$ cat data35.cif   # mmCIF, C-alpha atoms and all ligand atoms
data_upload
#
loop_
_atom_site.label_atom_id
_atom_site.label_comp_id
_atom_site.auth_asym_id
_atom_site.auth_seq_id
_atom_site.Cartn_x
_atom_site.Cartn_y
_atom_site.Cartn_z
CA MET A 1 9.20 32.38 -96.94
CA SER A 2 12.61 33.07 -98.46
CA PRO A 3 15.11 35.37 -96.69
CA VAL A 4 14.57 37.98 -99.41
CA GLU A 5 10.85 37.95 -98.81
CA MET A 6 11.35 38.15 -95.06
CA ASN A 7 13.49 41.23 -95.61
CA LEU A 8 10.86 42.79 -97.81
CA GLU A 9 8.13 42.04 -95.32
CA ALA A 10 10.21 43.54 -92.50
CA ARG A 11 10.71 46.69 -94.57
CA PHE A 12 6.99 46.88 -95.32
CA ASP A 13 6.12 46.47 -91.64
CA ALA A 14 8.65 49.13 -90.67
CA TYR A 15 7.26 51.57 -93.24
CA VAL A 16 3.73 51.09 -91.95
CA ALA A 17 4.84 51.39 -88.34
CA GLU A 18 6.76 54.61 -89.09
CA GLU A 19 3.75 56.11 -90.91
CA LYS A 20 5.66 56.08 -94.19
CA LYS A 21 3.60 55.59 -97.32
CA ILE A 22 3.67 52.44 -99.40
CA GLU A 23 3.97 53.27 -103.11
CA PRO A 24 2.82 51.16 -106.08
CA LYS A 25 6.12 49.50 -106.92
CA ASP A 26 7.05 48.73 -103.31
CA TRP A 27 6.75 45.15 -102.13
CA MET A 28 3.57 44.53 -100.18
CA PRO A 29 1.86 41.43 -98.77
CA ASP A 30 -0.69 39.89 -101.14
CA ALA A 31 -3.44 40.28 -98.57
CA TYR A 32 -2.69 44.02 -98.26
CA ARG A 33 -2.91 44.40 -102.03
CA LYS A 34 -6.17 42.43 -102.18
CA THR A 35 -7.72 44.38 -99.31
CA LEU A 36 -6.87 47.68 -100.98
CA ILE A 37 -8.13 46.59 -104.39
CA ARG A 38 -11.41 45.52 -102.80
CA GLN A 39 -11.78 48.68 -100.70
CA ILE A 40 -10.69 51.22 -103.32
CA SER A 41 -12.76 49.68 -106.12
CA GLN A 42 -15.82 49.49 -103.86
CA HIS A 43 -15.24 53.09 -102.94
CA ALA A 44 -14.97 54.04 -106.64
CA HIS A 45 -18.14 52.14 -107.48
CA SER A 46 -19.94 53.97 -104.65
CA GLU A 47 -18.98 57.35 -106.09
CA ILE A 48 -20.19 56.33 -109.56
CA VAL A 49 -23.43 54.63 -108.49
CA GLY A 50 -23.89 57.51 -106.04
CA MET A 51 -24.39 59.84 -108.99
CA LEU A 52 -27.69 58.16 -109.84
CA PRO A 53 -29.96 59.13 -106.91
CA GLU A 54 -28.96 62.79 -107.32
CA GLY A 55 -28.86 62.68 -111.10
CA ASN A 56 -32.56 61.91 -110.74
CA TRP A 57 -33.20 65.53 -109.71
CA ILE A 58 -30.92 67.51 -112.03
CA SER A 59 -33.64 68.11 -114.61
CA ARG A 60 -36.20 68.88 -111.89
CA ALA A 61 -34.23 71.18 -109.59
CA PRO A 62 -36.41 74.08 -108.43
CA SER A 63 -34.18 76.83 -109.85
CA LEU A 64 -31.36 77.35 -112.31
CA LYS A 65 -29.00 78.03 -109.39
CA ARG A 66 -29.89 74.75 -107.68
CA LYS A 67 -29.58 72.92 -110.97
CA ALA A 68 -26.07 74.29 -111.57
CA ILE A 69 -25.04 73.37 -108.00
CA LEU A 70 -26.42 69.84 -108.26
CA LEU A 71 -24.79 69.35 -111.65
CA ALA A 72 -21.43 70.45 -110.23
CA LYS A 73 -21.82 68.12 -107.26
CA VAL A 74 -22.70 65.10 -109.38
CA GLN A 75 -19.79 65.89 -111.69
CA ASP A 76 -17.50 65.95 -108.64
CA GLU A 77 -18.74 62.47 -107.70
CA ALA A 78 -17.80 61.26 -111.19
CA GLY A 79 -14.36 62.77 -110.62
CA HIS A 80 -14.07 60.99 -107.26
CA GLY A 81 -14.89 57.70 -108.92
CA LEU A 82 -12.20 58.32 -111.54
CA TYR A 83 -9.49 59.30 -109.02
CA LEU A 84 -10.25 56.13 -107.12
CA TYR A 85 -10.35 53.80 -110.12
CA SER A 86 -6.90 55.03 -111.13
CA ALA A 87 -5.62 54.59 -107.56
CA ALA A 88 -6.87 50.98 -107.66
CA GLU A 89 -5.23 50.42 -111.05
CA THR A 90 -1.81 51.16 -109.53
CA LEU A 91 -2.28 47.87 -107.63
CA GLY A 92 -2.48 45.85 -110.83
CA VAL A 93 -6.21 45.52 -111.45
CA THR A 94 -7.57 46.86 -114.76
CA ARG A 95 -10.40 49.36 -115.13
CA ASP A 96 -12.27 46.87 -117.34
CA GLN A 97 -12.02 44.18 -114.68
CA MET A 98 -13.43 46.49 -112.01
CA LEU A 99 -16.31 47.55 -114.23
CA GLN A 100 -17.05 43.95 -115.17
CA ASP A 101 -17.20 43.00 -111.49
CA LEU A 102 -19.58 45.87 -110.78
CA HIS A 103 -21.82 45.10 -113.74
CA ALA A 104 -21.90 41.38 -112.93
CA GLY A 105 -23.06 42.18 -109.39
CA LYS A 106 -19.85 40.74 -107.93
CA ALA A 107 -18.51 44.02 -106.54
CA LYS A 108 -20.19 45.93 -103.77
CA TYR A 109 -20.90 49.62 -103.44
CA SER A 110 -22.30 51.63 -100.54
CA SER A 111 -25.79 50.32 -99.75
CA ILE A 112 -27.11 53.84 -99.16
CA PHE A 113 -27.40 54.43 -102.91
CA ASN A 114 -30.02 51.70 -103.18
CA TYR A 115 -32.59 53.99 -101.59
CA PRO A 116 -34.82 56.19 -103.80
CA THR A 117 -34.77 60.00 -103.89
CA LEU A 118 -38.48 60.78 -103.75
CA THR A 119 -38.65 64.56 -103.30
CA TRP A 120 -36.46 67.62 -103.76
CA ALA A 121 -35.83 67.59 -100.00
CA ASP A 122 -33.91 64.35 -100.53
CA MET A 123 -31.22 66.42 -102.28
CA GLY A 124 -30.87 68.32 -99.03
CA ALA A 125 -30.85 65.22 -96.83
CA VAL A 126 -28.40 63.38 -99.08
CA GLY A 127 -25.92 66.26 -99.17
CA TRP A 128 -26.19 66.94 -95.46
CA LEU A 129 -26.27 63.36 -94.14
CA VAL A 130 -24.87 61.05 -96.82
CA ASP A 131 -22.01 63.34 -97.84
CA GLY A 132 -21.59 64.23 -94.16
CA ALA A 133 -21.16 60.57 -93.22
CA ALA A 134 -18.89 60.03 -96.23
CA ILE A 135 -16.64 62.90 -95.08
CA MET A 136 -16.46 61.38 -91.60
CA ASN A 137 -15.28 58.13 -93.17
CA GLN A 138 -12.98 59.72 -95.71
CA VAL A 139 -11.01 62.25 -93.70
CA PRO A 140 -9.01 59.54 -91.84
CA LEU A 141 -8.32 57.84 -95.20
CA CYS A 142 -6.24 60.86 -96.22
CA LYS A 143 -3.61 59.39 -93.88
CA CYS A 144 -3.96 55.82 -95.11
CA SER A 145 -0.71 53.90 -95.62
CA TYR A 146 -1.13 53.44 -99.38
CA GLY A 147 0.15 56.58 -101.14
CA PRO A 148 -2.12 56.72 -104.22
CA TYR A 149 -5.25 56.09 -102.12
CA ALA A 150 -4.25 58.72 -99.56
CA ARG A 151 -3.54 61.29 -102.30
CA ALA A 152 -6.87 60.58 -104.02
CA MET A 153 -8.65 61.04 -100.70
CA VAL A 154 -7.01 64.42 -100.12
CA ARG A 155 -8.50 65.64 -103.40
CA VAL A 156 -11.86 64.07 -102.60
CA CYS A 157 -12.08 65.58 -99.13
CA LYS A 158 -11.26 69.05 -100.43
CA GLU A 159 -14.19 68.80 -102.81
CA GLU A 160 -16.65 67.16 -100.41
CA SER A 161 -17.17 70.05 -98.05
CA PHE A 162 -19.22 72.03 -100.55
CA HIS A 163 -21.39 68.94 -101.05
CA GLN A 164 -22.40 68.83 -97.42
CA ARG A 165 -22.85 72.58 -97.14
CA GLN A 166 -25.11 72.86 -100.18
CA GLY A 167 -27.22 70.00 -98.81
CA PHE A 168 -27.56 71.66 -95.43
CA GLN A 169 -28.58 74.88 -97.15
CA VAL A 170 -31.32 73.07 -99.09
CA MET A 171 -32.61 71.67 -95.78
CA LEU A 172 -32.37 75.06 -94.12
CA ASN A 173 -34.34 76.79 -96.88
CA LEU A 174 -37.07 74.14 -96.71
CA ALA A 175 -37.15 74.10 -92.90
CA GLN A 176 -37.65 77.87 -92.90
CA GLY A 177 -40.20 77.74 -95.71
CA THR A 178 -43.92 76.96 -95.75
CA PRO A 179 -45.31 74.27 -93.43
CA GLU A 180 -45.48 71.95 -96.47
CA GLN A 181 -41.81 72.56 -97.26
CA LYS A 182 -40.81 71.95 -93.67
CA ALA A 183 -42.81 68.72 -93.64
CA MET A 184 -41.03 67.67 -96.82
CA ALA A 185 -37.64 68.26 -95.17
CA GLN A 186 -38.73 66.29 -92.08
CA ASP A 187 -39.92 63.42 -94.26
CA ALA A 188 -36.59 63.29 -96.08
CA LEU A 189 -34.72 63.31 -92.76
CA ASN A 190 -36.93 60.47 -91.49
CA ARG A 191 -36.07 58.32 -94.49
CA TRP A 192 -32.32 59.07 -94.70
CA TRP A 193 -31.30 59.11 -91.05
CA TRP A 194 -31.01 55.38 -90.35
CA PRO A 195 -29.47 54.41 -93.71
CA SER A 196 -26.88 57.16 -93.09
CA LEU A 197 -25.93 55.61 -89.74
CA MET A 198 -25.57 52.26 -91.52
CA MET A 199 -23.01 53.82 -93.89
CA PHE A 200 -20.35 53.37 -91.21
CA GLY A 201 -20.74 49.62 -91.51
CA PRO A 202 -21.50 46.90 -89.01
CA SER A 203 -20.46 47.14 -85.39
CA ASP A 204 -16.79 46.46 -84.81
CA ALA A 205 -17.46 42.98 -83.44
CA ASP A 206 -19.17 42.03 -86.73
CA SER A 207 -16.79 43.81 -89.07
CA PRO A 208 -14.63 41.08 -90.60
CA HIS A 209 -11.74 43.15 -92.00
CA SER A 210 -11.51 45.91 -89.40
CA ALA A 211 -8.72 44.64 -87.16
CA GLN A 212 -6.30 43.81 -89.98
CA SER A 213 -7.02 47.10 -91.75
CA MET A 214 -6.25 48.97 -88.54
CA LYS A 215 -2.92 47.17 -88.27
CA TRP A 216 -2.07 48.16 -91.83
CA ASN A 217 -3.01 51.80 -91.21
CA ILE A 218 -5.68 51.61 -93.88
CA LYS A 219 -8.33 52.19 -91.27
CA ARG A 220 -7.76 54.59 -88.36
CA PHE A 221 -10.97 54.54 -86.35
CA SER A 222 -13.55 51.86 -85.72
CA ASN A 223 -16.96 51.93 -87.40
CA ASP A 224 -18.69 52.56 -84.09
CA GLU A 225 -16.33 55.39 -83.19
CA LEU A 226 -16.99 57.21 -86.46
CA ARG A 227 -20.72 56.60 -86.21
CA GLN A 228 -20.77 58.10 -82.71
CA ARG A 229 -18.89 61.15 -83.96
CA PHE A 230 -21.38 61.57 -86.76
CA VAL A 231 -24.34 61.41 -84.37
CA ASP A 232 -22.71 63.89 -81.98
CA MET A 233 -22.06 66.29 -84.83
CA THR A 234 -25.49 65.97 -86.43
CA VAL A 235 -27.77 66.38 -83.41
CA PRO A 236 -27.03 70.09 -82.91
CA GLN A 237 -27.34 70.65 -86.67
CA SER A 238 -30.81 69.10 -86.68
CA GLU A 239 -31.77 71.34 -83.75
CA LEU A 240 -30.62 74.34 -85.71
CA LEU A 241 -32.88 73.24 -88.56
CA GLY A 242 -35.79 72.76 -86.15
CA LEU A 243 -36.19 69.19 -87.40
CA THR A 244 -36.45 66.01 -85.33
CA LEU A 245 -34.17 63.01 -85.76
CA PRO A 246 -36.40 59.93 -86.02
CA ASP A 247 -35.05 58.16 -82.94
CA PRO A 248 -37.01 58.16 -79.65
CA ASP A 249 -33.96 56.76 -77.82
CA LEU A 250 -31.70 59.63 -78.79
CA LYS A 251 -30.48 61.53 -75.73
CA TRP A 252 -27.38 63.14 -74.31
CA ASN A 253 -25.40 60.91 -71.99
CA GLU A 254 -23.61 63.14 -69.53
CA GLU A 255 -21.40 60.34 -68.26
CA ARG A 256 -20.13 59.26 -71.67
CA GLY A 257 -20.06 62.78 -73.06
CA HIS A 258 -21.87 61.48 -76.15
CA TYR A 259 -25.38 61.04 -77.46
CA ASP A 260 -26.95 57.63 -76.91
CA PHE A 261 -28.96 56.42 -79.86
CA GLY A 262 -31.35 53.57 -80.66
CA ALA A 263 -30.56 50.15 -82.10
CA ILE A 264 -29.79 49.99 -85.81
CA ASN A 265 -31.81 47.58 -87.92
CA TRP A 266 -28.93 45.47 -89.25
CA ASP A 267 -31.33 43.03 -90.91
CA GLU A 268 -32.34 45.83 -93.22
CA PHE A 269 -28.67 46.65 -93.88
CA TYR A 270 -27.72 43.07 -94.81
CA ASN A 271 -30.87 42.70 -96.85
CA VAL A 272 -29.99 45.77 -98.96
CA ILE A 273 -26.40 44.54 -99.36
CA LYS A 274 -27.74 41.20 -100.58
CA GLY A 275 -29.50 43.03 -103.38
CA ASN A 276 -32.98 43.43 -101.94
CA GLY A 277 -32.99 47.18 -101.34
CA PRO A 278 -35.62 49.34 -103.01
CA CYS A 279 -33.39 50.33 -105.96
CA ASN A 280 -30.59 47.74 -106.31
CA LYS A 281 -31.81 46.46 -109.68
CA GLU A 282 -32.54 49.92 -111.02
CA ARG A 283 -29.09 51.24 -110.04
CA LEU A 284 -27.13 48.36 -111.51
CA GLY A 285 -29.38 48.35 -114.56
CA ALA A 286 -28.66 52.04 -115.16
CA ARG A 287 -24.88 51.43 -114.93
CA VAL A 288 -24.95 48.47 -117.30
CA LYS A 289 -27.12 50.35 -119.77
CA ALA A 290 -24.82 53.38 -119.72
CA TYR A 291 -21.82 51.11 -120.31
CA GLU A 292 -23.46 49.22 -123.15
CA ASP A 293 -24.88 52.33 -124.80
CA GLY A 294 -21.40 53.83 -124.69
CA ALA A 295 -19.71 50.84 -126.32
CA TRP A 296 -19.89 52.25 -129.85
CA VAL A 297 -18.36 55.53 -128.66
CA ARG A 298 -15.41 53.73 -127.06
CA ASP A 299 -14.92 51.62 -130.17
CA ALA A 300 -15.22 54.60 -132.51
CA ALA A 301 -12.67 56.59 -130.49
CA ASN A 302 -10.29 53.63 -130.57
CA ALA A 303 -10.72 53.26 -134.34
CA TYR A 304 -10.17 56.98 -134.85
CA ALA A 305 -7.03 56.95 -132.69
CA THR A 306 -5.61 53.97 -134.61
CA LYS A 307 -6.30 55.59 -137.99
CA GLU A 308 -4.94 58.94 -136.87
CA ALA A 309 -1.73 57.29 -135.60
CA ALA A 310 -1.30 55.48 -138.93
CA ARG A 311 -1.86 58.72 -140.87
CA GLN A 312 0.77 60.50 -138.75
CA LYS A 313 3.23 57.70 -139.39
CA ASN A 314 2.64 57.85 -143.14
CA ALA A 315 2.98 61.63 -143.15
CA ASN A 316 6.28 61.37 -141.28
CA ALA A 317 7.53 58.68 -143.64
CA SER A 318 6.73 60.77 -146.72
CA THR A 319 8.41 63.90 -145.32
CA HIS A 320 11.56 61.90 -144.65
CA ALA A 321 11.41 60.41 -148.15
CA ALA A 322 11.17 63.91 -149.66
CA MET B 1 -22.95 42.12 -122.30
CA SER B 2 -21.16 43.69 -125.27
CA GLU B 3 -17.45 43.85 -124.59
CA SER B 4 -15.21 46.55 -125.97
CA LYS B 5 -12.20 45.00 -127.70
CA HIS B 6 -9.72 46.74 -125.46
CA GLU B 7 -9.90 49.54 -122.95
CA TRP B 8 -8.51 52.96 -123.81
CA PRO B 9 -4.84 53.30 -122.88
CA LEU B 10 -3.77 54.79 -119.55
CA TRP B 11 -2.25 58.30 -119.44
CA GLU B 12 -0.41 59.96 -116.60
CA VAL B 13 -1.45 63.56 -116.02
CA PHE B 14 0.87 66.39 -114.92
CA ILE B 15 -0.44 69.83 -114.07
CA ARG B 16 1.22 73.22 -113.71
CA SER B 17 -0.84 74.88 -111.01
CA ARG B 18 0.39 78.37 -111.89
CA GLN B 19 2.96 80.15 -114.00
CA GLY B 20 6.37 79.80 -112.44
CA LEU B 21 5.84 76.32 -111.01
CA GLY B 22 6.76 72.98 -112.55
CA HIS B 23 4.24 70.39 -113.70
CA LYS B 24 3.32 68.02 -110.91
CA HIS B 25 1.83 64.54 -111.17
CA ALA B 26 -1.93 64.74 -110.58
CA GLY B 27 -3.10 61.21 -111.34
CA SER B 28 -4.02 59.14 -114.34
CA LEU B 29 -6.92 58.51 -116.68
CA HIS B 30 -7.95 56.57 -119.77
CA ALA B 31 -8.32 58.12 -123.21
CA ALA B 32 -8.19 56.91 -126.80
CA ASP B 33 -5.61 59.50 -127.86
CA ALA B 34 -3.55 62.42 -126.57
CA GLN B 35 -6.10 65.08 -127.46
CA MET B 36 -8.85 63.26 -125.61
CA ALA B 37 -6.49 62.71 -122.69
CA ILE B 38 -5.99 66.48 -122.40
CA GLN B 39 -9.73 67.07 -122.53
CA ASN B 40 -10.44 64.40 -119.93
CA ALA B 41 -7.63 65.70 -117.73
CA ARG B 42 -9.23 69.12 -117.86
CA ASP B 43 -12.55 67.69 -116.63
CA VAL B 44 -11.14 65.26 -114.10
CA TYR B 45 -8.27 67.22 -112.56
CA THR B 46 -8.93 70.95 -113.04
CA ARG B 47 -12.57 71.62 -112.16
CA ARG B 48 -11.51 74.33 -109.69
CA GLN B 49 -8.78 76.24 -111.49
CA GLU B 50 -6.12 73.82 -110.27
CA GLY B 51 -4.06 74.37 -113.38
CA VAL B 52 -2.87 76.59 -116.19
CA SER B 53 -1.14 73.88 -118.22
CA ILE B 54 -1.53 70.12 -118.65
CA TRP B 55 0.90 67.42 -119.79
CA VAL B 56 -0.36 63.94 -120.62
CA VAL B 57 2.07 61.06 -121.08
CA PRO B 58 1.20 57.50 -122.10
CA ALA B 59 1.74 55.53 -118.88
CA GLU B 60 3.65 52.86 -120.80
CA ALA B 61 6.18 55.46 -121.97
CA ILE B 62 7.37 56.11 -118.42
CA THR B 63 10.45 54.32 -117.18
CA ALA B 64 10.63 54.28 -113.40
CA SER B 65 13.45 53.35 -111.07
CA SER B 66 12.81 50.25 -109.03
CA PRO B 67 12.30 50.47 -105.26
CA ASP B 68 14.86 47.66 -104.97
CA ASP B 69 17.50 50.00 -106.38
CA LYS B 70 16.71 52.67 -103.85
CA ASP B 71 19.79 51.96 -101.71
CA VAL B 72 22.12 51.68 -104.69
CA LEU B 73 20.80 54.86 -106.29
CA PHE B 74 20.34 57.14 -103.34
CA ASP B 75 22.41 55.96 -100.39
CA PRO B 76 25.83 56.89 -101.85
CA ALA B 77 24.82 60.54 -101.53
CA ASN B 78 24.33 60.08 -97.82
CA ASP B 79 28.00 60.34 -96.83
CA LYS B 80 28.83 63.36 -98.98
CA VAL B 81 27.99 65.91 -96.34
CA TYR B 82 30.47 68.33 -97.91
CA ARG B 83 27.82 68.94 -100.57
CA HIS B 84 25.84 70.93 -98.03
CA PRO B 85 26.75 74.50 -97.07
CA THR B 86 26.50 73.72 -93.35
CA PHE B 87 29.57 71.48 -93.68
CA TYR B 88 31.83 74.53 -93.85
CA LYS B 89 32.59 76.25 -90.55
CA LEU B 90 33.70 79.75 -91.45
CA PRO B 91 34.64 82.77 -89.32
CA ASP B 92 31.65 84.65 -87.89
CA GLU B 93 32.44 87.64 -90.11
CA VAL B 94 31.44 85.72 -93.27
CA ASN B 95 28.90 83.45 -91.67
CA ASN B 96 25.99 84.55 -93.77
CA MET B 97 27.92 83.65 -96.91
FE FE A 401 -17.69 61.83 -103.42
FE FE A 402 -19.91 64.09 -102.26
#

$ encode --input "data35.cif" --output "structure tokens" --more "lines below"
Ligand SMILES: [Fe+2]
Ligand SMILES: [Fe+2]
Amino acid sequence: MSPVEMNLEARFDAYVAEEKKIEPKDWMPDAYRKTLIRQISQHAHSEIVGMLPEGNWISRAPSLKRKAILLAKVQDEAGHGLYLYSAAETLGVTRDQMLQDLHAGKAKYSSIFNYPTLTWADMGAVGWLVDGAAIMNQVPLCKCSYGPYARAMVRVCKEESFHQRQGFQVMLNLAQGTPEQKAMAQDALNRWWWPSLMMFGPSDADSPHSAQSMKWNIKRFSNDELRQRFVDMTVPQSELLGLTLPDPDLKWNEERGHYDFGAINWDEFYNVIKGNGPCNKERLGARVKAYEDGAWVRDAANAYATKEAARQKNANASTHAA
Amino acid sequence: MSESKHEWPLWEVFIRSRQGLGHKHAGSLHAADAQMAIQNARDVYTRRQEGVSIWVVPAEAITASSPDDKDVLFDPANDKVYRHPTFYKLPDEVNNM
């Protein structure tokens, strides 16, 4: 390493240590840049693919009010994806490259979105649990060391809280409804609970990038720590709903001051990540189709912009001539 | 997979959150032209009345100072404390001047 590079690295380390933000044009280690590109693009893909399970119910929402709410939520998720793609682009990757990686199956997205949304109650469970877990993960990212990512997360977190609240309200309405409606809510909870716990990622011992990301102030809390917080927060909420979390081992541990919970089926998690979840093919297929079906629109808009620019130029030239 | 010839250019988005305040950088987006950039900015960055006015600027039109010049550009101001009102010790009688 040259003396100049050593200086730059020292400045980078000092910035991170002092909780100063790193901005796009600042020098940063290659591995830091690569880690952020991977994490931010995966995060963006998750927001975009995450629109699909809920998009499934927009046309079938039980009332106009619920339809408007769901539409607004899904539109927010599109916005989150876009904030995050542009944050990733500040690190030198192009939007096209990120989309190509997603469509080719090279890039990952949150495995939770490979589960199907079978009933209306799933809109409640997803908002309450999936957005709830996402918030738990995202709030610490607002203080992440990379400026554009941190700023994007501030916007995202502001918008997320309505997502979780509307989901809880859907669950509450169903739980207080007819016995059939309550059963529907319980069924959705049974299916979404474990995948939601998996959203925090593997246990710290098996999480390959965790330690380095902590050092770089990209990550603030361990996967297990955040998962425990989520469980502690959710148990009383499920009691309020009068629903049962599908875990016979769940119980308060006086000594630890936390809820103990059962073992997570990590085989299922890795299997879904590998592409064998119930909806992996459908989700990716829907993204690729949307991209391909939109190709003519992108081309037409480009052609129009080029023509329009040429027309402007000509018009300017002729005014100057006259 | 059909490949678009080139992606839409990148635009930086600036938003005035209310009358009386300056435009502030909100983020960026892709659009084929300026008019589309404004429309996209409206959908992406002002879904909750975050703004009353939008500027969009082609990202490639922005010239930025380099972080390496930070010391050269900004440090010389550091020793000019007499630019700040607190530098001047005045009699108590005029101290809220
Ligand atoms: Fe989101
Ligand atoms: Fe959300």

$ interface_residues --input "data35.cif" --of "chain B" --to "chain A" --cutoff "12 Å" --atoms "all atoms listed in the file" --output "PyMOL selection string"
chain B and resi 1-13+25-37+40-48+50+59+64-70

$ write_last_selection --input "data35.cif" --atoms "C-alpha atoms" --output "CSV table (one decimal), in the coordinates of the input"
chain,number,residue,atom,x,y,z
B,1,MET,CA,-23.0,42.1,-122.3
B,2,SER,CA,-21.2,43.7,-125.3
B,3,GLU,CA,-17.4,43.8,-124.6
B,4,SER,CA,-15.2,46.6,-126.0
B,5,LYS,CA,-12.2,45.0,-127.7
B,6,HIS,CA,-9.7,46.7,-125.5
B,7,GLU,CA,-9.9,49.5,-123.0
B,8,TRP,CA,-8.5,53.0,-123.8
B,9,PRO,CA,-4.8,53.3,-122.9
B,10,LEU,CA,-3.8,54.8,-119.6
B,11,TRP,CA,-2.2,58.3,-119.4
B,12,GLU,CA,-0.4,60.0,-116.6
B,13,VAL,CA,-1.4,63.6,-116.0
B,25,HIS,CA,1.8,64.5,-111.2
B,26,ALA,CA,-1.9,64.7,-110.6
B,27,GLY,CA,-3.1,61.2,-111.3
B,28,SER,CA,-4.0,59.1,-114.3
B,29,LEU,CA,-6.9,58.5,-116.7
B,30,HIS,CA,-8.0,56.6,-119.8
B,31,ALA,CA,-8.3,58.1,-123.2
B,32,ALA,CA,-8.2,56.9,-126.8
B,33,ASP,CA,-5.6,59.5,-127.9
B,34,ALA,CA,-3.6,62.4,-126.6
B,35,GLN,CA,-6.1,65.1,-127.5
B,36,MET,CA,-8.8,63.3,-125.6
B,37,ALA,CA,-6.5,62.7,-122.7
B,40,ASN,CA,-10.4,64.4,-119.9
B,41,ALA,CA,-7.6,65.7,-117.7
B,42,ARG,CA,-9.2,69.1,-117.9
B,43,ASP,CA,-12.6,67.7,-116.6
B,44,VAL,CA,-11.1,65.3,-114.1
B,45,TYR,CA,-8.3,67.2,-112.6
B,46,THR,CA,-8.9,71.0,-113.0
B,47,ARG,CA,-12.6,71.6,-112.2
B,48,ARG,CA,-11.5,74.3,-109.7
B,50,GLU,CA,-6.1,73.8,-110.3
B,59,ALA,CA,1.7,55.5,-118.9
B,64,ALA,CA,10.6,54.3,-113.4
B,65,SER,CA,13.4,53.4,-111.1
B,66,SER,CA,12.8,50.2,-109.0
B,67,PRO,CA,12.3,50.5,-105.3
B,68,ASP,CA,14.9,47.7,-105.0
B,69,ASP,CA,17.5,50.0,-106.4
B,70,LYS,CA,16.7,52.7,-103.8

$ closest_residue --input "data35.cif" --among "A:Phe168, A:Tyr15, A:Tyr270, A:Phe162" --to "ligand FE 401 (chain A)" --atoms "all atoms listed in the file"
A:Phe162

$ closest_residue --input "data35.cif" --among "A:Pro116, A:Gly127, A:Gly105, A:Gly55" --to "ligand FE 401 (chain A)" --atoms "all atoms listed in the file"
A:Gly127

$ atom_distance --input "data35.cif" --atom1 "CA of Gly201 (chain A)" --atom2 "CA of Phe269 (chain A)"
8.8 Å

$ residues_around --input "data35.cif" --residues "Leu21 (chain B)" --least-positions-apart "6" --cutoff "12 Å" --atoms "all atoms listed in the file" --output "ChimeraX atom specification"
/B:14-15,51-53

$ residues_near_ligand --input "data35.cif" --ligand "ligand FE 401 (chain A)" --cutoff "10 Å" --atoms "all atoms listed in the file" --output "PyMOL selection string"
chain A and resi 43-44+46-48+50-51+73-81+130-131+134-135+138+153+155-157+159-161+163

$ residues_around --input "data35.cif" --residues "Ala31 (chain A)" --least-positions-apart "2" --cutoff "12 Å" --atoms "all atoms listed in the file" --output "MDAnalysis selection string"
chainID A and resid 27:29 33:38 91 209 212:213 216

$ axis_aligned_box --input "data35.cif" --around "region 26-39 of chain B" --padding-each-side "8 Å" --output "AutoDock Vina command-line options"
--center_x -5.8 --center_y 61.8 --center_z -119.2 --size_x 23.8 --size_y 26.5 --size_z 33.3

$ residues_around --input "data35.cif" --residues "Pro195 (chain A)" --least-positions-apart "4" --cutoff "9 Å" --atoms "all atoms listed in the file" --output "PyMOL selection string"
chain A and resi 111-112+115+130+191+199+269

$ atom_distance --input "data35.cif" --atom1 "CA of Asn271 (chain A)" --atom2 "CA of Gly167 (chain A)"
27.6 Å

$ atom_distance --input "data35.cif" --atom1 "CA of Val139 (chain A)" --atom2 "CA of Lys106 (chain A)"
27.3 Å

$ residues_around --input "data35.cif" --residues "Phe261 (chain A)" --least-positions-apart "2" --cutoff "12 Å" --atoms "all atoms listed in the file" --output "PDB file with C-alpha atoms, in the frame of the given file"
ATOM      1  CA  TRP A 193     -31.300  59.110 -91.050  1.00  0.00           C
ATOM      2  CA  TRP A 194     -31.010  55.380 -90.350  1.00  0.00           C
ATOM      3  CA  LEU A 197     -25.930  55.610 -89.740  1.00  0.00           C
ATOM      4  CA  ASP A 224     -18.690  52.560 -84.090  1.00  0.00           C
ATOM      5  CA  ARG A 227     -20.720  56.600 -86.210  1.00  0.00           C
ATOM      6  CA  GLN A 228     -20.770  58.100 -82.710  1.00  0.00           C
ATOM      7  CA  ARG A 229     -18.890  61.150 -83.960  1.00  0.00           C
ATOM      8  CA  PHE A 230     -21.380  61.570 -86.760  1.00  0.00           C
ATOM      9  CA  VAL A 231     -24.340  61.410 -84.370  1.00  0.00           C
ATOM     10  CA  ASP A 232     -22.710  63.890 -81.980  1.00  0.00           C
ATOM     11  CA  VAL A 235     -27.770  66.380 -83.410  1.00  0.00           C
ATOM     12  CA  LEU A 245     -34.170  63.010 -85.760  1.00  0.00           C
ATOM     13  CA  PRO A 246     -36.400  59.930 -86.020  1.00  0.00           C
ATOM     14  CA  ASP A 247     -35.050  58.160 -82.940  1.00  0.00           C
ATOM     15  CA  PRO A 248     -37.010  58.160 -79.650  1.00  0.00           C
ATOM     16  CA  ASP A 249     -33.960  56.760 -77.820  1.00  0.00           C
ATOM     17  CA  LEU A 250     -31.700  59.630 -78.790  1.00  0.00           C
ATOM     18  CA  LYS A 251     -30.480  61.530 -75.730  1.00  0.00           C
ATOM     19  CA  TRP A 252     -27.380  63.140 -74.310  1.00  0.00           C
ATOM     20  CA  ASN A 253     -25.400  60.910 -71.990  1.00  0.00           C
ATOM     21  CA  HIS A 258     -21.870  61.480 -76.150  1.00  0.00           C
ATOM     22  CA  TYR A 259     -25.380  61.040 -77.460  1.00  0.00           C
ATOM     23  CA  ALA A 263     -30.560  50.150 -82.100  1.00  0.00           C
ATOM     24  CA  ILE A 264     -29.790  49.990 -85.810  1.00  0.00           C
TER      25      ILE A 264
END
